[in-house]
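Participant: See model-v8.pdb below, with PDB, N, CA and C atoms.
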```pdb
MODEL        1
ATOM      1  N   MET F   1       0.857  -1.206   0.000
ATOM      2  CA  MET F   1       0.000   0.000   0.000
ATOM      3  C   MET F   1       0.884   1.244   0.000
ATOM      4  N   PHE F   2       0.468   2.285   0.698
ATOM      5  CA  PHE F   2       1.229   3.528   0.738
ATOM      6  C   PHE F   2       1.988   3.629   2.044
ATOM      7  N   LYS F   3       3.297   3.952   1.943
ATOM      8  CA  LYS F   3       4.065   4.161   3.163
ATOM      9  C   LYS F   3       3.765   5.574   3.669
ATOM     10  N   ARG F   4       3.648   5.694   4.984
ATOM     11  CA  ARG F   4       3.362   7.014   5.554
ATOM     12  C   ARG F   4       4.656   7.693   5.980
ATOM     13  N   PHE F   5       4.872   8.907   5.493
ATOM     14  CA  PHE F   5       6.026   9.702   5.911
ATOM     15  C   PHE F   5       5.552  10.777   6.877
ATOM     16  N   PRO F   6       6.205  10.915   8.038
ATOM     17  CA  PRO F   6       5.705  11.870   9.043
ATOM     18  C   PRO F   6       6.029  13.321   8.689
ATOM     19  N   THR F   7       5.481  13.795   7.571
ATOM     20  CA  THR F   7       5.687  15.193   7.168
ATOM     21  C   THR F   7       5.106  16.108   8.234
ATOM     22  N   PRO F   8       5.862  17.112   8.686
ATOM     23  CA  PRO F   8       5.300  18.024   9.700
ATOM     24  C   PRO F   8       4.159  18.848   9.118
ATOM     25  N   ILE F   9       3.062  18.915   9.872
ATOM     26  CA  ILE F   9       1.922  19.705   9.405
ATOM     27  C   ILE F   9       1.634  20.853  10.353
ATOM     28  N   LEU F  10       1.606  20.557  11.671
ATOM     29  CA  LEU F  10       1.308  21.632  12.620
ATOM     30  C   LEU F  10       2.461  22.610  12.727
ATOM     31  N   LYS F  11       3.704  22.073  12.672
ATOM     32  CA  LYS F  11       4.851  22.945  12.891
ATOM     33  C   LYS F  11       4.932  24.101  11.878
ATOM     34  N   PRO F  12       4.764  23.835  10.564
ATOM     35  CA  PRO F  12       4.840  24.980   9.640
ATOM     36  C   PRO F  12       3.523  25.696   9.394
ATOM     37  N   TYR F  13       2.369  25.017   9.663
ATOM     38  CA  TYR F  13       1.087  25.573   9.256
ATOM     39  C   TYR F  13       0.210  26.064  10.387
ATOM     40  N   TRP F  14       0.773  26.121  11.618
ATOM     41  CA  TRP F  14      -0.084  26.510  12.741
ATOM     42  C   TRP F  14      -0.726  27.891  12.578
ATOM     43  N   PRO F  15      -0.076  28.891  11.898
ATOM     44  CA  PRO F  15      -0.783  30.176  11.764
ATOM     45  C   PRO F  15      -2.081  30.051  10.975
ATOM     46  N   PHE F  16      -2.110  29.130  10.024
ATOM     47  CA  PHE F  16      -3.322  28.983   9.224
ATOM     48  C   PHE F  16      -4.436  28.338  10.032
ATOM     49  N   PHE F  17      -4.072  27.428  10.938
ATOM     50  CA  PHE F  17      -5.102  26.845  11.798
ATOM     51  C   PHE F  17      -5.646  27.893  12.762
ATOM     52  N   VAL F  18      -4.747  28.727  13.292
ATOM     53  CA  VAL F  18      -5.199  29.820  14.160
ATOM     54  C   VAL F  18      -6.118  30.756  13.385
ATOM     55  N   GLY F  19      -5.729  31.125  12.156
ATOM     56  CA  GLY F  19      -6.585  31.957  11.322
ATOM     57  C   GLY F  19      -7.922  31.300  11.042
ATOM     58  N   GLY F  20      -7.908  29.975  10.863
ATOM     59  CA  GLY F  20      -9.149  29.248  10.631
ATOM     60  C   GLY F  20     -10.101  29.361  11.805
ATOM     61  N   VAL F  21      -9.553  29.363  13.021
ATOM     62  CA  VAL F  21     -10.407  29.539  14.204
ATOM     63  C   VAL F  21     -11.077  30.907  14.168
ATOM     64  N   PHE F  22     -10.290  31.941  13.813
ATOM     65  CA  PHE F  22     -10.872  33.287  13.734
ATOM     66  C   PHE F  22     -11.924  33.368  12.646
ATOM     67  N   VAL F  23     -11.656  32.756  11.502
ATOM     68  CA  VAL F  23     -12.626  32.756  10.397
ATOM     69  C   VAL F  23     -13.904  32.065  10.843
ATOM     70  N   TYR F  24     -13.764  30.933  11.547
ATOM     71  CA  TYR F  24     -14.938  30.189  12.015
ATOM     72  C   TYR F  24     -15.794  31.049  12.929
ATOM     73  N   TRP F  25     -15.128  31.722  13.864
ATOM     74  CA  TRP F  25     -15.851  32.600  14.796
ATOM     75  C   TRP F  25     -16.523  33.745  14.045
ATOM     76  N   GLY F  26     -15.784  34.366  13.105
ATOM     77  CA  GLY F  26     -16.327  35.488  12.342
ATOM     78  C   GLY F  26     -17.509  35.086  11.480
ATOM     79  N   VAL F  27     -17.420  33.938  10.821
ATOM     80  CA  VAL F  27     -18.528  33.474   9.987
ATOM     81  C   VAL F  27     -19.732  33.144  10.854
ATOM     82  N   GLY F  28     -19.477  32.589  12.048
ATOM     83  CA  GLY F  28     -20.584  32.321  12.962
ATOM     84  C   GLY F  28     -21.311  33.601  13.335
ATOM     85  N   LYS F  29     -20.522  34.646  13.613
ATOM     86  CA  LYS F  29     -21.126  35.934  13.942
ATOM     87  C   LYS F  29     -21.900  36.479  12.757
ATOM     88  N   ALA F  30     -21.333  36.416  11.560
ATOM     89  CA  ALA F  30     -22.001  36.936  10.363
ATOM     90  C   ALA F  30     -23.277  36.154  10.079
ATOM     91  N   ALA F  31     -23.213  34.829  10.271
ATOM     92  CA  ALA F  31     -24.385  34.000   9.988
ATOM     93  C   ALA F  31     -25.523  34.334  10.955
ATOM     94  N   SER F  32     -25.204  34.465  12.255
ATOM     95  CA  SER F  32     -26.296  34.776  13.196
ATOM     96  C   SER F  32     -26.825  36.183  12.974
ATOM     97  N   ALA F  33     -25.950  37.116  12.546
ATOM     98  CA  ALA F  33     -26.425  38.465  12.258
ATOM     99  C   ALA F  33     -27.355  38.471  11.063
ATOM    100  N   SER F  34     -26.968  37.746   9.988
ATOM    101  CA  SER F  34     -27.827  37.750   8.804
ATOM    102  C   SER F  34     -29.076  36.911   9.012
ATOM    103  N   ALA F  35     -29.062  35.990  10.002
ATOM    104  CA  ALA F  35     -30.277  35.239  10.304
ATOM    105  C   ALA F  35     -31.311  36.101  11.004
ATOM    106  N   GLN F  36     -30.882  37.278  11.496
ATOM    107  CA  GLN F  36     -31.815  38.183  12.178
ATOM    108  C   GLN F  36     -32.418  39.211  11.243
ATOM    109  N   THR F  37     -31.946  39.250   9.983
ATOM    110  CA  THR F  37     -32.447  40.283   9.075
ATOM    111  C   THR F  37     -33.869  39.938   8.623
ATOM    112  N   ALA F  38     -34.505  40.926   8.035
ATOM    113  CA  ALA F  38     -35.904  40.758   7.632
ATOM    114  C   ALA F  38     -36.071  39.632   6.635
ATOM    115  N   GLU F  39     -35.004  39.371   5.837
ATOM    116  CA  GLU F  39     -35.157  38.350   4.810
ATOM    117  C   GLU F  39     -35.261  36.952   5.406
ATOM    118  N   PHE F  40     -34.576  36.714   6.550
ATOM    119  CA  PHE F  40     -34.480  35.338   7.063
ATOM    120  C   PHE F  40     -35.098  35.143   8.435
ATOM    121  N   ILE F  41     -35.595  36.241   9.042
ATOM    122  CA  ILE F  41     -36.009  36.078  10.439
ATOM    123  C   ILE F  41     -37.218  35.168  10.580
ATOM    124  N   ASN F  42     -38.054  35.092   9.553
ATOM    125  CA  ASN F  42     -39.214  34.205   9.643
ATOM    126  C   ASN F  42     -39.086  32.983   8.755
ATOM    127  N   ASP F  43     -37.883  32.738   8.238
ATOM    128  CA  ASP F  43     -37.663  31.537   7.431
ATOM    129  C   ASP F  43     -37.871  30.309   8.326
ATOM    130  N   PRO F  44     -38.692  29.334   7.882
ATOM    131  CA  PRO F  44     -38.964  28.184   8.761
ATOM    132  C   PRO F  44     -37.736  27.359   9.117
ATOM    133  N   ARG F  45     -36.626  27.485   8.335
ATOM    134  CA  ARG F  45     -35.426  26.724   8.656
ATOM    135  C   ARG F  45     -34.586  27.399   9.738
ATOM    136  N   ASN F  46     -34.978  28.604  10.157
ATOM    137  CA  ASN F  46     -34.223  29.343  11.165
ATOM    138  C   ASN F  46     -34.202  28.569  12.487
ATOM    139  N   PRO F  47     -33.016  28.297  13.059
ATOM    140  CA  PRO F  47     -32.951  27.478  14.276
ATOM    141  C   PRO F  47     -33.611  28.119  15.493
ATOM    142  N   ARG F  48     -33.936  29.438  15.441
ATOM    143  CA  ARG F  48     -34.557  30.046  16.619
ATOM    144  C   ARG F  48     -35.925  29.444  16.898
ATOM    145  N   PHE F  49     -36.596  28.911  15.858
ATOM    146  CA  PHE F  49     -37.902  28.280  16.092
ATOM    147  C   PHE F  49     -37.755  26.977  16.851
ATOM    148  N   ALA F  50     -36.628  26.298  16.668
ATOM    149  CA  ALA F  50     -36.391  25.073  17.427
ATOM    150  C   ALA F  50     -36.150  25.387  18.897
ATOM    151  N   ARG F  51     -35.721  26.634  19.169
ATOM    152  CA  ARG F  51     -35.500  27.038  20.570
ATOM    153  C   ARG F  51     -36.780  27.524  21.215
ATOM    154  N   GLY F  52     -37.877  27.564  20.438
ATOM    155  CA  GLY F  52     -39.162  27.932  21.028
ATOM    156  C   GLY F  52     -39.582  29.367  20.807
ATOM    157  N   GLU F  53     -38.795  30.145  19.991
ATOM    158  CA  GLU F  53     -39.210  31.538  19.763
ATOM    159  C   GLU F  53     -40.366  31.588  18.773
ATOM    160  N   LYS F  54     -41.075  32.688  18.779
ATOM    161  CA  LYS F  54     -42.268  32.812  17.943
ATOM    162  C   LYS F  54     -41.963  33.647  16.700
ATOM    163  N   PRO F  55     -42.715  33.470  15.617
ATOM    164  CA  PRO F  55     -42.478  34.304  14.430
ATOM    165  C   PRO F  55     -42.700  35.781  14.724
ATOM    166  N   VAL F  56     -41.822  36.624  14.169
ATOM    167  CA  VAL F  56     -41.932  38.073  14.337
ATOM    168  C   VAL F  56     -42.664  38.635  13.127
ATOM    169  N   GLU F  57     -43.723  39.360  13.332
ATOM    170  CA  GLU F  57     -44.480  39.883  12.201
ATOM    171  C   GLU F  57     -44.248  41.380  12.038
ATOM    172  N   LEU F  58     -44.743  41.923  10.931
ATOM    173  CA  LEU F  58     -44.724  43.361  10.657
ATOM    174  C   LEU F  58     -43.326  43.927  10.701
ATOM    175  N   LYS F  59     -42.366  43.219  10.106
ATOM    176  CA  LYS F  59     -40.992  43.762  10.071
ATOM    177  C   LYS F  59     -40.773  44.471   8.751
TER
ATOM    178  N   MET Z   1     -31.011  29.535  -3.205
ATOM    179  CA  MET Z   1     -29.788  28.712  -3.320
ATOM    180  C   MET Z   1     -29.299  28.384  -1.908
ATOM    181  N   PRO Z   2     -29.274  27.107  -1.554
ATOM    182  CA  PRO Z   2     -29.014  26.767  -0.137
ATOM    183  C   PRO Z   2     -27.679  27.269   0.390
ATOM    184  N   GLN Z   3     -26.681  27.421  -0.500
ATOM    185  CA  GLN Z   3     -25.381  27.859  -0.011
ATOM    186  C   GLN Z   3     -25.428  29.289   0.504
ATOM    187  N   LEU Z   4     -26.441  30.058   0.084
ATOM    188  CA  LEU Z   4     -26.518  31.454   0.492
ATOM    189  C   LEU Z   4     -27.416  31.668   1.698
ATOM    190  N   VAL Z   5     -28.035  30.575   2.188
ATOM    191  CA  VAL Z   5     -28.898  30.692   3.361
ATOM    192  C   VAL Z   5     -28.009  30.708   4.604
ATOM    193  N   PRO Z   6     -28.080  31.734   5.446
ATOM    194  CA  PRO Z   6     -27.072  31.881   6.519
ATOM    195  C   PRO Z   6     -27.062  30.774   7.551
ATOM    196  N   PHE Z   7     -28.187  30.014   7.719
ATOM    197  CA  PHE Z   7     -28.189  28.970   8.736
ATOM    198  C   PHE Z   7     -27.233  27.834   8.392
ATOM    199  N   TYR Z   8     -26.842  27.711   7.124
ATOM    200  CA  TYR Z   8     -26.012  26.595   6.702
ATOM    201  C   TYR Z   8     -24.532  26.963   6.587
ATOM    202  N   PHE Z   9     -24.189  28.247   6.858
ATOM    203  CA  PHE Z   9     -22.810  28.695   6.652
ATOM    204  C   PHE Z   9     -21.819  27.895   7.488
ATOM    205  N   LEU Z  10     -22.144  27.698   8.782
ATOM    206  CA  LEU Z  10     -21.180  27.027   9.658
ATOM    207  C   LEU Z  10     -21.016  25.564   9.268
ATOM    208  N   ASN Z  11     -22.085  24.930   8.834
ATOM    209  CA  ASN Z  11     -21.998  23.553   8.361
ATOM    210  C   ASN Z  11     -21.090  23.459   7.147
ATOM    211  N   GLN Z  12     -21.291  24.381   6.186
ATOM    212  CA  GLN Z  12     -20.441  24.404   4.997
ATOM    213  C   GLN Z  12     -18.981  24.622   5.386
ATOM    214  N   LEU Z  13     -18.757  25.557   6.290
ATOM    215  CA  LEU Z  13     -17.389  25.882   6.697
ATOM    216  C   LEU Z  13     -16.742  24.699   7.399
ATOM    217  N   THR Z  14     -17.499  24.030   8.278
ATOM    218  CA  THR Z  14     -16.944  22.881   8.992
ATOM    219  C   THR Z  14     -16.487  21.805   8.033
ATOM    220  N   TYR Z  15     -17.376  21.408   7.113
ATOM    221  CA  TYR Z  15     -17.015  20.342   6.184
ATOM    222  C   TYR Z  15     -15.928  20.791   5.223
ATOM    223  N   GLY Z  16     -15.944  22.085   4.829
ATOM    224  CA  GLY Z  16     -14.898  22.593   3.964
ATOM    225  C   GLY Z  16     -13.538  22.521   4.621
ATOM    226  N   PHE Z  17     -13.444  22.991   5.864
ATOM    227  CA  PHE Z  17     -12.174  22.952   6.596
ATOM    228  C   PHE Z  17     -11.718  21.521   6.821
ATOM    229  N   LEU Z  18     -12.678  20.631   7.169
ATOM    230  CA  LEU Z  18     -12.317  19.232   7.379
ATOM    231  C   LEU Z  18     -11.742  18.617   6.116
ATOM    232  N   LEU Z  19     -12.389  18.900   4.981
ATOM    233  CA  LEU Z  19     -11.921  18.363   3.714
ATOM    234  C   LEU Z  19     -10.519  18.856   3.398
ATOM    235  N   ILE Z  20     -10.294  20.160   3.591
ATOM    236  CA  ILE Z  20      -8.979  20.728   3.303
ATOM    237  C   ILE Z  20      -7.923  20.099   4.189
ATOM    238  N   THR Z  21      -8.229  19.919   5.475
ATOM    239  CA  THR Z  21      -7.244  19.314   6.384
ATOM    240  C   THR Z  21      -6.935  17.878   5.991
ATOM    241  N   VAL Z  22      -7.987  17.108   5.680
ATOM    242  CA  VAL Z  22      -7.773  15.709   5.286
ATOM    243  C   VAL Z  22      -6.922  15.641   4.025
ATOM    244  N   LEU Z  23      -7.226  16.503   3.048
ATOM    245  CA  LEU Z  23      -6.441  16.504   1.813
ATOM    246  C   LEU Z  23      -4.999  16.885   2.088
ATOM    247  N   LEU Z  24      -4.805  17.868   2.979
ATOM    248  CA  LEU Z  24      -3.449  18.305   3.317
ATOM    249  C   LEU Z  24      -2.644  17.156   3.892
ATOM    250  N   VAL Z  25      -3.245  16.426   4.855
ATOM    251  CA  VAL Z  25      -2.531  15.303   5.473
ATOM    252  C   VAL Z  25      -2.270  14.211   4.457
ATOM    253  N   LEU Z  26      -3.288  13.863   3.668
ATOM    254  CA  LEU Z  26      -3.139  12.793   2.676
ATOM    255  C   LEU Z  26      -2.028  13.093   1.683
ATOM    256  N   PHE Z  27      -2.057  14.303   1.146
ATOM    257  CA  PHE Z  27      -1.084  14.631   0.117
ATOM    258  C   PHE Z  27       0.315  14.785   0.682
ATOM    259  N   SER Z  28       0.457  15.466   1.828
ATOM    260  CA  SER Z  28       1.800  15.732   2.335
ATOM    261  C   SER Z  28       2.425  14.487   2.939
ATOM    262  N   GLN Z  29       1.646  13.524   3.439
ATOM    263  CA  GLN Z  29       2.234  12.367   4.111
ATOM    264  C   GLN Z  29       2.200  11.103   3.281
ATOM    265  N   PHE Z  30       1.360  11.031   2.238
ATOM    266  CA  PHE Z  30       1.278   9.801   1.456
ATOM    267  C   PHE Z  30       1.624  10.020  -0.008
ATOM    268  N   PHE Z  31       0.872  10.862  -0.687
ATOM    269  CA  PHE Z  31       0.964  10.902  -2.145
ATOM    270  C   PHE Z  31       2.214  11.598  -2.649
ATOM    271  N   LEU Z  32       2.476  12.835  -2.160
ATOM    272  CA  LEU Z  32       3.627  13.565  -2.676
ATOM    273  C   LEU Z  32       4.957  12.880  -2.343
ATOM    274  N   PRO Z  33       5.150  12.328  -1.111
ATOM    275  CA  PRO Z  33       6.405  11.588  -0.888
ATOM    276  C   PRO Z  33       6.555  10.395  -1.813
ATOM    277  N   ARG Z  34       5.429   9.741  -2.129
ATOM    278  CA  ARG Z  34       5.523   8.586  -3.022
ATOM    279  C   ARG Z  34       5.970   9.009  -4.420
ATOM    280  N   ILE Z  35       5.398  10.103  -4.915
ATOM    281  CA  ILE Z  35       5.779  10.606  -6.229
ATOM    282  C   ILE Z  35       7.252  11.016  -6.232
ATOM    283  N   LEU Z  36       7.660  11.699  -5.151
ATOM    284  CA  LEU Z  36       9.061  12.125  -5.056
ATOM    285  C   LEU Z  36       9.997  10.929  -5.049
ATOM    286  N   ARG Z  37       9.617   9.887  -4.281
ATOM    287  CA  ARG Z  37      10.420   8.655  -4.225
ATOM    288  C   ARG Z  37      10.577   8.045  -5.598
ATOM    289  N   LEU Z  38       9.494   8.068  -6.352
ATOM    290  CA  LEU Z  38       9.509   7.514  -7.702
ATOM    291  C   LEU Z  38      10.531   8.247  -8.559
ATOM    292  N   TYR Z  39      10.485   9.564  -8.525
ATOM    293  CA  TYR Z  39      11.401  10.346  -9.350
ATOM    294  C   TYR Z  39      12.849  10.188  -8.890
ATOM    295  N   VAL Z  40      13.057  10.181  -7.565
ATOM    296  CA  VAL Z  40      14.417  10.028  -7.038
ATOM    297  C   VAL Z  40      14.973   8.659  -7.402
ATOM    298  N   SER Z  41      14.140   7.626  -7.292
ATOM    299  CA  SER Z  41      14.616   6.274  -7.626
ATOM    300  C   SER Z  41      14.956   6.180  -9.104
ATOM    301  N   ARG Z  42      14.148   6.821  -9.953
ATOM    302  CA  ARG Z  42      14.464   6.810 -11.386
ATOM    303  C   ARG Z  42      15.782   7.524 -11.640
ATOM    304  N   LEU Z  43      16.000   8.618 -10.950
ATOM    305  CA  LEU Z  43      17.240   9.382 -11.115
ATOM    306  C   LEU Z  43      18.438   8.545 -10.688
ATOM    307  N   PHE Z  44      18.342   7.872  -9.500
ATOM    308  CA  PHE Z  44      19.459   7.056  -9.018
ATOM    309  C   PHE Z  44      19.727   5.892  -9.962
ATOM    310  N   ILE Z  45      18.651   5.275 -10.463
ATOM    311  CA  ILE Z  45      18.825   4.132 -11.363
ATOM    312  C   ILE Z  45      19.522   4.577 -12.639
ATOM    313  N   SER Z  46      19.171   5.742 -13.148
ATOM    314  CA  SER Z  46      19.766   6.200 -14.403
ATOM    315  C   SER Z  46      21.241   6.529 -14.250
ATOM    316  N   LYS Z  47      21.714   6.718 -13.006
ATOM    317  CA  LYS Z  47      23.110   7.072 -12.795
ATOM    318  C   LYS Z  47      23.997   5.852 -12.567
ATOM    319  N   LEU Z  48      23.437   4.630 -12.549
ATOM    320  CA  LEU Z  48      24.228   3.432 -12.222
ATOM    321  C   LEU Z  48      25.334   3.154 -13.241
TER
ENDMDL
END
```
Would you give me this structure, written as structure tokens?

Facilitator:
Amino acid sequence: MFKRFPTPILKPYWPFFVGGVFVYWGVGKAASASAQTAEFINDPRNPRFARGEKPVELK
Amino acid sequence: MPQLVPFYFLNQLTYGFLLITVLLVLFSQFFLPRILRLYVSRLFISKL
């Protein structure tokens, strides 16, 4: 089969993993912000309905 | 278009990052060393 060579991955690429954490957090913030806009606040797929919140009308 | 619906962004990002990491490990530890070995062995053989 294929022999595995222990090429270092964390040692040279750790800044990109750190950046990935920031991107993940930022996208999470952007996603929850855009889920509150008028376009998506009453979308039935919005997870806030699973938490028991009610539809907001007249927005 | 489901990719533009904000509730799915984190899911897309999670699987995207996972895929990139898996590909990175696969290529750097298995495929590229094998290709390099092939070329190096051909080079050494040609010098005999």

Participant: Can you spell out as a list in words the set of residues that the ChimeraX specification (/Z :<7) & /F selects in the structure I just provided?

Facilitator: Phe2, Lys3, Arg4, Phe5, Pro6, Thr7, Val27, Gly28, Ala30, Ala31, Ser32, Ser34, Ala35, Arg45, Asn46 and Pro47 of chain F

Participant: What parts of chain F does DSSP call helix (DSSP H, G or I)? I'd like the answer as a VMD selection string.

Facilitator: chain F and resid 10 to 34 47 to 49

Participant: To one decimal place in Å, what is the distance between atom N of Val21 of chain F and atom N of Leu19 of chain Z?

Facilitator: 13.5 Å

Participant: Rounded to one decimal in Å, what is the spacing between atom C of Phe17 of chain F and atom CA of Leu18 of chain Z?

Facilitator: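 Going from atom C of Phe17 of chain F over to atom CA of Leu18 of chain Z, I get 12.2 Å.
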
Participant: How far is it from atom C of Gln12 of chain Z to atom CA of Pro8 of chain F, in Å with one decimal?

Facilitator: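 Computing it gives 25.5 Å between the two atoms.
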
Participant: Would you compute the box with edges along x, y and z of the file around segment 38-47 of chain F, including every atom the file lists for it and 3 Å extra on each side, and give its centre and edge lengths in Å to one decimal, as lines of an AutoDock Vina configuration file?

Facilitator:
```
center_x = -36.1
center_y = 33.8
center_z = 10.2
size_x = 12.3
size_y = 20.2
size_z = 16.7
```

Participant: Using the chain letters and residue numbers of this document, give as a list of chain:residue names the residues selected by the PyMOL selection byres (((chain F and resi 38 and name CA) around 12) and name CA).

Facilitator: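 Matching residues under the PyMOL selection byres (((chain F and resi 38 and name CA) around 12) and name CA) are F:Ala33, F:Ser34, F:Ala35, F:Gln36, F:Thr37, F:Glu39, F:Phe40, F:Ile41, F:Asn42, F:Asp43, F:Pro55, F:Val56, F:Glu57, F:Leu58, F:Lys59.
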